[in-house]
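Next up, work_4.cif (mmCIF, C-alpha atoms and all ligand atoms):
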```
data_upload
#
loop_
_atom_site.label_atom_id
_atom_site.label_comp_id
_atom_site.auth_asym_id
_atom_site.auth_seq_id
_atom_site.Cartn_x
_atom_site.Cartn_y
_atom_site.Cartn_z
CA MET A 87 104.79 116.21 88.45
CA VAL A 88 105.79 112.79 87.15
CA ALA A 89 103.25 111.35 84.77
CA THR A 90 103.37 107.83 86.16
CA LEU A 91 104.50 106.44 89.46
CA SER A 92 107.17 103.77 89.41
CA GLU A 93 106.42 100.33 90.87
CA THR A 94 108.68 101.20 93.82
CA MET A 95 106.66 104.36 94.52
CA ARG A 96 103.42 102.38 94.29
CA THR A 97 104.79 99.86 96.79
CA LEU A 98 105.72 102.71 99.16
CA ALA A 99 102.29 104.34 98.71
CA ARG A 100 100.58 101.06 99.68
CA HIS A 101 102.70 100.59 102.82
CA VAL A 102 100.92 99.84 106.04
CA SER A 103 102.35 98.04 109.06
CA ILE A 104 100.86 94.56 109.37
CA HIS A 105 100.02 93.13 112.80
CA ASP A 106 97.99 90.07 111.75
CA PHE A 107 99.88 87.35 109.92
CA LEU A 108 98.93 84.01 108.38
CA PRO A 109 100.95 81.08 109.73
CA ASP A 110 102.08 80.20 106.17
CA PRO A 111 105.85 79.84 106.00
CA ILE A 112 108.16 81.87 103.77
CA ASP A 113 110.82 79.82 102.06
CA ASP A 114 114.44 80.47 102.90
CA SER A 115 115.37 81.47 99.36
CA THR A 116 112.78 84.29 99.44
CA ILE A 117 114.18 85.57 102.74
CA VAL A 118 117.71 85.47 101.39
CA GLU A 119 116.66 87.32 98.21
CA ILE A 120 114.96 90.01 100.32
CA LEU A 121 118.03 90.47 102.50
CA GLN A 122 120.42 90.38 99.54
CA ALA A 123 118.34 93.16 97.93
CA ALA A 124 118.47 95.10 101.21
CA ARG A 125 122.25 94.79 101.28
CA ARG A 126 122.41 97.04 98.21
CA ALA A 127 121.37 99.91 100.52
CA PRO A 128 123.99 102.67 100.76
CA THR A 129 126.21 102.39 103.81
CA SER A 130 128.36 105.00 105.49
CA SER A 131 131.98 104.82 104.17
CA ASN A 132 131.17 101.30 102.92
CA LEU A 133 131.47 100.15 106.54
CA GLN A 134 128.38 97.90 106.29
CA ALA A 135 128.04 98.32 110.03
CA TYR A 136 124.92 96.16 110.34
CA SER A 137 123.95 92.50 110.37
CA PHE A 138 120.68 90.58 110.09
CA VAL A 139 119.72 87.69 112.36
CA VAL A 140 116.85 85.76 110.78
CA VAL A 141 114.74 84.10 113.46
CA ARG A 142 112.37 81.33 112.36
CA LYS A 143 112.25 79.17 115.51
CA LEU A 144 108.95 79.62 117.32
CA GLU A 145 110.49 79.50 120.81
CA THR A 146 112.93 82.28 119.97
CA ARG A 147 110.19 84.40 118.38
CA ALA A 148 108.08 83.85 121.49
CA GLU A 149 110.92 85.01 123.74
CA LEU A 150 111.52 88.06 121.55
CA ALA A 151 107.78 88.84 121.59
CA THR A 152 107.88 88.88 125.40
CA LEU A 153 111.03 91.01 125.51
CA ALA A 154 109.38 93.47 123.08
CA GLY A 155 106.54 94.02 125.58
CA ASP A 156 104.25 91.12 124.67
CA GLN A 157 103.91 91.98 121.02
CA ARG A 158 102.11 88.88 119.74
CA HIS A 159 102.85 89.64 116.06
CA VAL A 160 106.56 88.97 116.77
CA GLU A 161 105.60 85.41 117.67
CA GLU A 162 102.94 85.01 114.99
CA ALA A 163 104.85 86.20 111.92
CA PRO A 164 106.79 83.23 110.51
CA VAL A 165 109.99 85.27 110.20
CA PHE A 166 111.54 87.88 112.46
CA VAL A 167 114.65 89.68 111.31
CA ALA A 168 116.67 91.30 114.08
CA VAL A 169 118.39 94.24 112.39
CA CYS A 170 121.65 94.78 114.25
CA ALA A 171 123.88 97.84 114.43
CA ASP A 172 127.18 96.02 114.27
CA LEU A 173 130.69 97.37 114.75
CA SER A 174 132.24 93.95 115.48
CA ARG A 175 133.77 93.63 112.00
CA ALA A 176 135.26 97.13 112.28
CA GLU A 177 136.87 96.06 115.54
CA ALA A 178 138.17 92.86 113.89
CA ALA A 179 139.74 95.01 111.13
CA CYS A 180 141.50 97.10 113.79
CA ASN A 181 142.76 93.96 115.51
CA LEU A 182 143.98 92.57 112.20
CA HIS A 183 146.14 95.63 111.63
CA GLY A 184 147.24 96.11 115.22
CA GLN A 185 145.30 99.37 115.58
CA PRO A 186 143.40 100.37 118.69
CA PHE A 187 139.60 100.33 118.27
CA ARG A 188 138.27 103.84 118.87
CA GLY A 189 134.78 103.18 117.55
CA ASP A 190 133.02 103.43 120.90
CA THR A 191 131.94 106.98 120.12
CA LEU A 192 128.64 108.76 119.55
CA GLU A 193 129.61 109.18 115.88
CA MET A 194 130.20 105.47 115.25
CA GLY A 195 127.11 104.52 117.24
CA LEU A 196 125.09 106.77 114.93
CA VAL A 197 126.85 105.44 111.83
CA ALA A 198 125.97 101.85 112.73
CA THR A 199 122.40 102.72 113.72
CA VAL A 200 121.77 104.70 110.52
CA ASP A 201 123.29 101.88 108.46
CA ALA A 202 120.99 99.39 110.19
CA ALA A 203 117.95 101.63 109.61
CA LEU A 204 118.67 101.99 105.89
CA ALA A 205 119.22 98.25 105.44
CA GLY A 206 116.11 97.43 107.49
CA MET A 207 113.96 99.82 105.47
CA ALA A 208 115.31 98.36 102.24
CA ALA A 209 114.41 94.86 103.52
CA SER A 210 110.91 96.02 104.38
CA LEU A 211 110.44 97.57 100.95
CA ALA A 212 111.78 94.47 99.19
CA ALA A 213 109.43 92.22 101.21
CA GLU A 214 106.42 94.46 100.54
CA SER A 215 107.23 94.56 96.82
CA LEU A 216 106.61 90.78 96.86
CA GLY A 217 103.22 91.18 98.57
CA LEU A 218 104.51 90.23 102.01
CA GLY A 219 103.57 92.28 105.08
CA THR A 220 106.02 93.77 107.56
CA VAL A 221 106.12 95.70 110.80
CA MET A 222 109.22 97.13 112.42
CA ILE A 223 109.73 96.42 116.12
CA GLY A 224 111.49 99.10 118.15
CA GLY A 225 110.41 97.12 121.21
CA MET A 226 113.77 95.37 120.79
CA ARG A 227 115.20 98.33 122.73
CA ASN A 228 113.14 97.43 125.81
CA HIS A 229 115.75 94.87 126.85
CA PRO A 230 118.78 95.25 124.56
CA VAL A 231 121.15 93.14 126.67
CA GLU A 232 118.72 90.20 126.92
CA VAL A 233 118.02 90.38 123.16
CA ALA A 234 121.77 90.41 122.43
CA ARG A 235 122.28 87.37 124.69
CA LEU A 236 119.37 85.45 123.18
CA LEU A 237 120.66 85.99 119.65
CA ARG A 238 124.31 85.41 120.68
CA LEU A 239 125.38 88.77 119.29
CA PRO A 240 129.11 89.50 119.41
CA PRO A 241 130.38 92.43 121.50
CA ARG A 242 129.77 95.77 119.71
CA ALA A 243 126.40 94.78 118.26
CA PHE A 244 122.86 95.60 119.37
CA VAL A 245 119.37 95.45 117.87
CA PRO A 246 117.84 98.93 117.43
CA PHE A 247 114.77 97.35 115.82
CA GLY A 248 113.53 94.18 114.19
CA LEU A 249 111.25 93.35 111.31
CA CYS A 250 108.33 90.91 111.32
CA ILE A 251 107.77 89.45 107.85
CA GLY A 252 104.84 87.28 106.80
CA TRP A 253 101.77 86.94 104.63
CA PRO A 254 99.14 89.43 105.82
CA ALA A 255 95.96 87.96 107.33
CA ARG A 256 94.44 91.43 107.47
CA ARG A 257 95.59 94.59 105.77
CA PRO A 258 94.30 97.74 107.51
CA PRO A 259 93.72 100.92 105.51
CA VAL A 260 96.82 102.99 104.83
CA LYS A 261 97.46 105.37 107.75
CA PRO A 262 97.31 109.08 106.86
CA ARG A 263 100.49 111.08 107.20
CA MET A 264 101.02 114.60 108.51
CA PRO A 265 100.00 117.32 105.99
CA GLU A 266 102.64 117.71 103.28
CA ARG A 267 103.19 121.42 104.02
CA ALA A 268 104.36 120.65 107.56
CA VAL A 269 106.99 118.15 106.46
CA ILE A 270 108.31 119.06 103.01
CA HIS A 271 110.08 122.40 102.75
CA PHE A 272 111.82 124.04 99.84
CA GLU A 273 115.03 126.07 100.21
CA ARG A 274 114.44 126.82 103.89
CA TYR A 275 112.35 125.44 106.72
CA ASP A 276 108.95 127.10 106.79
CA GLY A 277 107.80 126.68 110.36
CA GLY A 278 104.51 128.57 109.94
CA GLU A 279 101.07 127.14 110.67
CA VAL A 280 102.28 124.21 112.75
CA GLY A 281 99.13 124.45 114.87
CA ASP A 282 96.91 124.24 111.78
CA ALA A 283 98.82 121.27 110.46
CA LEU A 284 98.57 119.46 113.80
CA ALA A 285 94.84 120.16 114.05
CA ALA A 286 94.30 118.90 110.50
CA TYR A 287 96.31 115.77 111.23
CA ASP A 288 94.52 115.06 114.52
CA GLN A 289 91.26 115.20 112.59
CA ALA A 290 92.47 113.00 109.73
CA LEU A 291 93.81 110.38 112.13
CA ALA A 292 90.65 110.40 114.25
CA VAL A 293 88.57 109.79 111.09
CA HIS A 294 90.96 106.98 110.10
CA TYR A 295 90.68 105.23 113.48
CA ARG A 296 86.91 105.69 113.73
CA ALA A 297 86.45 104.13 110.30
CA GLN A 298 88.04 101.02 111.82
CA ASP A 299 85.84 101.19 114.93
CA ARG A 300 88.84 101.99 117.07
CA THR A 301 88.07 104.21 120.03
CA THR A 302 90.08 107.39 119.90
CA CYS A 303 89.93 110.94 121.08
CA ASP A 304 89.72 113.81 118.57
CA ALA A 305 93.26 114.90 119.37
CA SER A 306 94.59 111.46 118.55
CA TRP A 307 98.10 112.26 117.38
CA THR A 308 98.91 115.26 119.58
CA HIS A 309 97.37 113.50 122.57
CA GLN A 310 99.42 110.35 122.11
CA VAL A 311 102.65 112.23 121.39
CA ALA A 312 102.18 114.58 124.36
CA HIS A 313 101.63 111.55 126.55
CA GLU A 314 104.72 109.78 125.20
CA PHE A 315 106.96 112.80 125.53
CA SER A 316 105.81 113.82 129.00
CA SER A 317 108.02 111.21 130.65
CA ALA A 318 111.40 109.77 129.70
CA ARG A 319 111.17 106.34 128.06
CA ARG A 320 113.84 103.66 128.26
CA GLY A 321 115.87 105.81 130.65
CA ASP A 322 118.36 102.97 131.20
CA LEU A 323 119.09 102.52 127.48
CA ARG A 324 122.46 104.28 127.59
CA THR A 325 123.74 101.96 130.32
CA ALA A 326 122.53 98.88 128.42
CA LEU A 327 124.11 100.03 125.14
CA ARG A 328 127.38 100.82 126.91
CA GLU A 329 127.42 97.23 128.15
CA LEU A 330 127.08 96.11 124.51
CA GLY A 331 129.99 98.30 123.40
CA PHE A 332 128.17 101.43 122.22
CA GLU A 333 128.92 104.81 123.73
CA PHE A 334 126.06 107.18 123.01
CA SER A 335 127.33 110.15 124.99
C1 LIG B 401 111.94 102.12 114.11
C2 LIG B 401 110.49 101.71 114.22
C3 LIG B 401 110.07 100.99 115.32
C4 LIG B 401 108.74 100.56 115.41
N1 LIG B 401 108.37 99.81 116.48
C5 LIG B 401 107.13 99.25 116.51
C6 LIG B 401 106.80 98.32 117.53
O1 LIG B 401 107.59 98.00 118.42
N2 LIG B 401 105.55 97.78 117.49
C7 LIG B 401 104.65 98.07 116.51
O2 LIG B 401 103.54 97.52 116.52
N3 LIG B 401 104.95 98.98 115.53
C8 LIG B 401 106.16 99.55 115.50
N4 LIG B 401 106.51 100.41 114.49
C9 LIG B 401 105.53 100.72 113.44
C10 LIG B 401 104.99 102.15 113.57
O3 LIG B 401 104.14 102.23 114.68
C11 LIG B 401 104.25 102.50 112.27
O4 LIG B 401 105.17 102.48 111.20
C12 LIG B 401 103.59 103.87 112.35
O5 LIG B 401 102.55 103.89 113.31
C13 LIG B 401 102.98 104.27 111.02
O6 LIG B 401 102.04 103.30 110.60
P1 LIG B 401 102.19 102.54 109.21
O7 LIG B 401 103.55 101.91 109.16
O8 LIG B 401 101.10 101.51 109.17
O9 LIG B 401 102.02 103.57 108.14
C14 LIG B 401 107.81 100.89 114.39
C15 LIG B 401 108.25 101.64 113.29
C16 LIG B 401 109.56 102.04 113.22
C17 LIG B 401 110.02 102.84 112.02
#
```

In structure tokens, write the structure found in this file.
Amino acid sequence: MVATLSETMRTLARHVSIHDFLPDPIDDSTIVEILQAARRAPTSSNLQAYSFVVVRKLETRAELATLAGDQRHVEEAPVFVAVCADLSRAEAACNLHGQPFRGDTLEMGLVATVDAALAGMAASLAAESLGLGTVMIGGMRNHPVEVARLLRLPPRAFVPFGLCIGWPARRPPVKPRMPERAVIHFERYDGGEVGDALAAYDQALAVHYRAQDRTTCDASWTHQVAHEFSSARRGDLRTALRELGFEFS
């Protein structure tokens, strides 16, 4: 066991998604520093297959909030960063050298999406290390084509998720995670006692929500996940992503 936690580990341990933001602005130089830090994230084959679109205009944030399923925090946070999976520069490199672009594959779609996720997480961590609050917004995948149009994305780019950044107006308690034994394995996957772990987690999460006066059932996590997984979500996503130049099949 390490004797002391690093500052980075402390920042991660304090993480909680923020949904209530103060209207106070964040200056541009802070945003650029956060995103420059995030750009140090590792990237598959140095492709850097992601881009950030920083949205500060209220009207655009309001439109994105609606597209994300009326998520008011997207409008309220002073900055929204659309994290794009972006193969447009790879295509430009092919054009430059007279090579056909064969990046519309499942592999390259995954490469760009993983790159975007790593860079987005690094941006979130950098922002939180400065005391800012963040929440990621997968609701960007509700209407990927409309989001791409609104942000004038080039062909071969889409927004798998975005990031609200702002000064927290309210910081909820840190949300418990699944028991360690269910998630961290050594040498080989130990699938035993899943039921026990799920029961323990349901209980921990129910206690967490009740402490905040949020109505919940005792099986909070399993109930919600069973509900989510019992029908297909975003069934038209593949068609939308194909239109944007990504072949996930
Ligand atoms: C890729 C991704 C997409 C997410 N999308 C949303 C979203 O659309 N709206 C939202 O309120 N939270 C969203 N979240 C936040 C998660 O709900 C949150 O991280 C999770 O419940 C754990 O809570 P915590 O971050 O406070 O620990 C997203 C998180 C990730 C990683």

Find the residues near range 237-254 of chain A: any atom within 8 Å, counting all atoms listed in the file, skip ones fewer than 6 places away on the same chain, and give them as a short mmCIF file (atom, residue, chain, number, x, y, z; two decimals) with C-alpha atoms, keeping the file's coordinate frame.
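Full text of part-v3.cif as output:
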```
data_model
loop_
_atom_site.label_atom_id
_atom_site.label_comp_id
_atom_site.auth_asym_id
_atom_site.auth_seq_id
_atom_site.Cartn_x
_atom_site.Cartn_y
_atom_site.Cartn_z
CA ILE A 104 100.86 94.56 109.37
CA HIS A 105 100.02 93.13 112.80
CA ASP A 106 97.99 90.07 111.75
CA PHE A 107 99.88 87.35 109.92
CA LEU A 108 98.93 84.01 108.38
CA PRO A 109 100.95 81.08 109.73
CA ASP A 110 102.08 80.20 106.17
CA PRO A 111 105.85 79.84 106.00
CA ILE A 112 108.16 81.87 103.77
CA VAL A 139 119.72 87.69 112.36
CA HIS A 159 102.85 89.64 116.06
CA VAL A 160 106.56 88.97 116.77
CA ALA A 163 104.85 86.20 111.92
CA PRO A 164 106.79 83.23 110.51
CA VAL A 165 109.99 85.27 110.20
CA PHE A 166 111.54 87.88 112.46
CA VAL A 167 114.65 89.68 111.31
CA ALA A 168 116.67 91.30 114.08
CA VAL A 169 118.39 94.24 112.39
CA CYS A 170 121.65 94.78 114.25
CA ALA A 171 123.88 97.84 114.43
CA ASP A 172 127.18 96.02 114.27
CA LEU A 173 130.69 97.37 114.75
CA SER A 174 132.24 93.95 115.48
CA THR A 199 122.40 102.72 113.72
CA ALA A 202 120.99 99.39 110.19
CA GLY A 206 116.11 97.43 107.49
CA SER A 210 110.91 96.02 104.38
CA ALA A 213 109.43 92.22 101.21
CA GLY A 217 103.22 91.18 98.57
CA LEU A 218 104.51 90.23 102.01
CA GLY A 219 103.57 92.28 105.08
CA THR A 220 106.02 93.77 107.56
CA VAL A 221 106.12 95.70 110.80
CA MET A 222 109.22 97.13 112.42
CA ILE A 223 109.73 96.42 116.12
CA GLY A 224 111.49 99.10 118.15
CA GLY A 225 110.41 97.12 121.21
CA MET A 226 113.77 95.37 120.79
CA ARG A 227 115.20 98.33 122.73
CA PRO A 230 118.78 95.25 124.56
CA VAL A 231 121.15 93.14 126.67
CA LEU A 327 124.11 100.03 125.14
CA LEU A 330 127.08 96.11 124.51
CA GLY A 331 129.99 98.30 123.40
CA PHE A 332 128.17 101.43 122.22
#
```

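Compared by their closest atoms to ligand LIG 401 (chain B), and using all atoms listed in the file, the residues A:Val197, A:Cys303, A:Ala179, A:Val260 rank with A:Val260 nearest.
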
Please determine, counting only C-alpha atoms and all ligand atoms, which residue among A:Glu214, A:Asp282, A:Glu333, A:Glu232 has the shortest atom-to-atom distance to ligand LIG 401 (chain B).
A:Glu214

Between A:Met264, A:Ile117, A:Ala312, A:Leu98, single out the one closest to Val141 in chain A, counting only C-alpha atoms.
A:Ile117

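For the set A:Ala151, A:Ile120, A:Leu196, A:Ala297, the residue with the smallest atom-to-atom gap to ligand LIG 401 (chain B) is A:Ala151, counting only C-alpha atoms and all ligand atoms.
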
In terms of the shortest atom-to-atom distance over all atoms listed in the file, which of A:Gly195, A:Gly155, A:Gly278, A:Pro186 is closest to ligand LIG 401 (chain B)?
A:Gly155

Using only C-alpha atoms, which residues sit within 9 Å of Thr94 in chain A once same-chain residues fewer than 5 positions away are excluded, as a count of residues only?
3

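From CA of Thr325 in chain A back to CA of Leu133 in chain A, the distance works out to 25.1 Å.
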
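For the residues A:Leu216, A:Val118, A:Ala124, A:Ala208, ranking by smallest atom-to-atom distance to ligand LIG 401 (chain B) using all atoms listed in the file places A:Ala208 first.
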
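Between CA of Glu145 in chain A and atom N2 of ligand LIG 401 (chain B) lies a distance of 19.2 Å.
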
Exercise: Tyr295 in chain A partners within 12 Å, only C-alpha atoms, chain neighbours under 2 positions left out, as a PyMOL selection string
chain A and resi 258-262+288-293+297-307

Step by step, gather every atom of range 173-192 of chain A that the file lists, find the box along x, y and z that holds them, add 6 Å on each side, and finally give centre and edge lengths in Å to one decimal, as lines of an AutoDock Vina configuration file.
```
center_x = 137.9
center_y = 100.7
center_z = 116.0
size_x = 30.6
size_y = 28.2
size_z = 21.8
```
